[in-house]
Amino acid sequence: MNVSELIKRLKVERIQVSSAVLNYSNFDYWVNWDDIVDIVEDYDQLQLNPSQQIVLDYLKDKCNLYSFIAYKPFEAIIRLSMLDPEKNELRVTNTIDELTYLQQSQVLEIFSRWAQEQEEE
């Protein structure tokens, strides 16, 4: 989402809030801050391309705490550099090779945020 899309979404939210205020019995002004936070968070999120998403999904899957074998984040990354990868890991490794340095960094950034959120839960 670019800045103009963010502004457009904020304007829509403002119109909806204004409409809700008119229908509110005592006309108190209120703001649903959760909606505003959601908008800003959506804006802040990197948008991954399909190849980046394949790599991110693989890393998340390997670190799934509810799976039979759950790797730590670095273990999941190291697994991709093994000399004899499994069939689906080879596909992910080939996908990684297609990504630029920046695209790989973006995947790692999002994966890092996700891993931290898992630790907090």
# chains A, B, ... in the order shown; residues from 1 in each chain; ligands from 1
call {"tool": "residues_around", "arguments": {"residues": "Ala115 in chain A", "least_positions_apart": "5", "cutoff": "10 Å", "atoms": "only C-alpha atoms", "output": "NGL selection string"}}
result
:A and (59-60 or 63-64 or 72-73 or 109-110 or 120)
call {"tool": "write_last_selection", "arguments": {"atoms": "C-alpha atoms", "output": "PDB file, in the first residue's frame"}}
result
ATOM      1  CA  LEU A  59      10.637 -20.736   7.249  1.00  0.00           C
ATOM      2  CA  LYS A  60       7.439 -20.284   9.259  1.00  0.00           C
ATOM      3  CA  CYS A  63       9.524 -23.082  13.069  1.00  0.00           C
ATOM      4  CA  ASN A  64       5.923 -24.037  13.802  1.00  0.00           C
ATOM      5  CA  LYS A  72      14.699 -22.447  15.918  1.00  0.00           C
ATOM      6  CA  PRO A  73      14.836 -19.583  13.386  1.00  0.00           C
ATOM      7  CA  GLU A 109      12.924  -8.971   8.228  1.00  0.00           C
ATOM      8  CA  ILE A 110       9.361 -10.265   8.149  1.00  0.00           C
ATOM      9  CA  GLU A 120       5.763 -13.480  22.946  1.00  0.00           C
TER      10      GLU A 120
END
call {"tool": "residues_around", "arguments": {"residues": "Pro50 in chain A", "least_positions_apart": "2", "cutoff": "12 Å", "atoms": "only C-alpha atoms", "output": "PyMOL selection string"}}
result
chain A and resi 47-48+52-57+92+95-96+98-99+103+107
call {"tool": "write_last_selection", "arguments": {"atoms": "N, CA, C and O atoms", "output": "PDB file, in the first residue's frame"}}
result
ATOM      1  N   GLN A  47       5.198  -5.711   1.414  1.00  0.00           N
ATOM      2  CA  GLN A  47       4.426  -6.557   0.519  1.00  0.00           C
ATOM      3  C   GLN A  47       5.398  -7.477  -0.212  1.00  0.00           C
ATOM      4  O   GLN A  47       6.252  -7.010  -0.959  1.00  0.00           O
ATOM      5  N   LEU A  48       5.290  -8.772   0.026  1.00  0.00           N
ATOM      6  CA  LEU A  48       6.194  -9.727  -0.593  1.00  0.00           C
ATOM      7  C   LEU A  48       5.662 -10.182  -1.934  1.00  0.00           C
ATOM      8  O   LEU A  48       4.450 -10.309  -2.127  1.00  0.00           O
ATOM      9  N   GLN A  52       9.098 -14.523  -2.720  1.00  0.00           N
ATOM     10  CA  GLN A  52       9.443 -14.205  -1.332  1.00  0.00           C
ATOM     11  C   GLN A  52       8.492 -14.916  -0.376  1.00  0.00           C
ATOM     12  O   GLN A  52       8.899 -15.416   0.670  1.00  0.00           O
ATOM     13  N   GLN A  53       7.211 -14.974  -0.732  1.00  0.00           N
ATOM     14  CA  GLN A  53       6.211 -15.611   0.120  1.00  0.00           C
ATOM     15  C   GLN A  53       6.483 -17.105   0.261  1.00  0.00           C
ATOM     16  O   GLN A  53       6.293 -17.673   1.336  1.00  0.00           O
ATOM     17  N   ILE A  54       6.955 -17.750  -0.795  1.00  0.00           N
ATOM     18  CA  ILE A  54       7.308 -19.174  -0.730  1.00  0.00           C
ATOM     19  C   ILE A  54       8.379 -19.395   0.326  1.00  0.00           C
ATOM     20  O   ILE A  54       8.287 -20.310   1.157  1.00  0.00           O
ATOM     21  N   VAL A  55       9.399 -18.559   0.324  1.00  0.00           N
ATOM     22  CA  VAL A  55      10.507 -18.699   1.279  1.00  0.00           C
ATOM     23  C   VAL A  55      10.012 -18.418   2.697  1.00  0.00           C
ATOM     24  O   VAL A  55      10.311 -19.174   3.629  1.00  0.00           O
ATOM     25  N   LEU A  56       9.234 -17.360   2.866  1.00  0.00           N
ATOM     26  CA  LEU A  56       8.714 -17.023   4.193  1.00  0.00           C
ATOM     27  C   LEU A  56       7.824 -18.150   4.729  1.00  0.00           C
ATOM     28  O   LEU A  56       7.955 -18.541   5.897  1.00  0.00           O
ATOM     29  N   ASP A  57       6.949 -18.678   3.903  1.00  0.00           N
ATOM     30  CA  ASP A  57       6.069 -19.767   4.337  1.00  0.00           C
ATOM     31  C   ASP A  57       6.870 -20.993   4.759  1.00  0.00           C
ATOM     32  O   ASP A  57       6.542 -21.653   5.751  1.00  0.00           O
ATOM     33  N   VAL A  92      12.616 -24.409  -2.625  1.00  0.00           N
ATOM     34  CA  VAL A  92      12.756 -23.166  -1.882  1.00  0.00           C
ATOM     35  C   VAL A  92      14.146 -22.582  -2.099  1.00  0.00           C
ATOM     36  O   VAL A  92      14.301 -21.375  -2.301  1.00  0.00           O
ATOM     37  N   THR A  95      14.293 -20.957  -5.345  1.00  0.00           N
ATOM     38  CA  THR A  95      13.544 -19.701  -5.285  1.00  0.00           C
ATOM     39  C   THR A  95      14.392 -18.614  -4.640  1.00  0.00           C
ATOM     40  O   THR A  95      14.409 -17.466  -5.103  1.00  0.00           O
ATOM     41  N   ILE A  96      15.104 -18.970  -3.584  1.00  0.00           N
ATOM     42  CA  ILE A  96      15.983 -18.004  -2.917  1.00  0.00           C
ATOM     43  C   ILE A  96      17.027 -17.480  -3.890  1.00  0.00           C
ATOM     44  O   ILE A  96      17.330 -16.283  -3.914  1.00  0.00           O
ATOM     45  N   GLU A  98      16.736 -16.908  -6.904  1.00  0.00           N
ATOM     46  CA  GLU A  98      16.119 -15.955  -7.828  1.00  0.00           C
ATOM     47  C   GLU A  98      15.904 -14.580  -7.193  1.00  0.00           C
ATOM     48  O   GLU A  98      15.694 -13.597  -7.889  1.00  0.00           O
ATOM     49  N   LEU A  99      15.938 -14.530  -5.850  1.00  0.00           N
ATOM     50  CA  LEU A  99      15.670 -13.269  -5.154  1.00  0.00           C
ATOM     51  C   LEU A  99      16.914 -12.388  -5.124  1.00  0.00           C
ATOM     52  O   LEU A  99      18.025 -12.874  -4.990  1.00  0.00           O
ATOM     53  N   GLN A 103      15.421  -8.367  -1.680  1.00  0.00           N
ATOM     54  CA  GLN A 103      14.261  -9.232  -1.494  1.00  0.00           C
ATOM     55  C   GLN A 103      14.520 -10.284  -0.417  1.00  0.00           C
ATOM     56  O   GLN A 103      13.639 -10.575   0.394  1.00  0.00           O
ATOM     57  N   VAL A 107      12.501 -10.713   3.280  1.00  0.00           N
ATOM     58  CA  VAL A 107      11.955 -11.964   3.818  1.00  0.00           C
ATOM     59  C   VAL A 107      12.471 -12.196   5.228  1.00  0.00           C
ATOM     60  O   VAL A 107      11.714 -12.526   6.146  1.00  0.00           O
TER      61      VAL A 107
END
call {"tool": "residues_around", "arguments": {"residues": "range 87-91 of chain A", "least_positions_apart": "2", "cutoff": "12 Å", "atoms": "only C-alpha atoms", "output": "list in words"}}
result
Ser51, Ile54, Val55, Asp57, Tyr58, Leu59, Asp61, Lys62, Ala76, Ile77, Ile78, Arg79, Leu80, Ser81, Met82, Leu83, Asp84, Pro85, Thr93, Asn94, Thr95, Ile96, Asp97 and Glu98 of chain A
call {"tool": "closest_residue", "arguments": {"among": "A:Leu46, A:Tyr66, A:Asp35, A:Arg9", "to": "Gln118 in chain A", "atoms": "only C-alpha atoms"}}
result
A:Tyr66
call {"tool": "atom_distance", "arguments": {"atom1": "CA of Glu13 in chain A", "atom2": "CA of Arg113 in chain A"}}
result
27.3 Å
call {"tool": "atom_distance", "arguments": {"atom1": "CA of Asn49 in chain A", "atom2": "CA of Glu75 in chain A"}}
result
23.9 Å
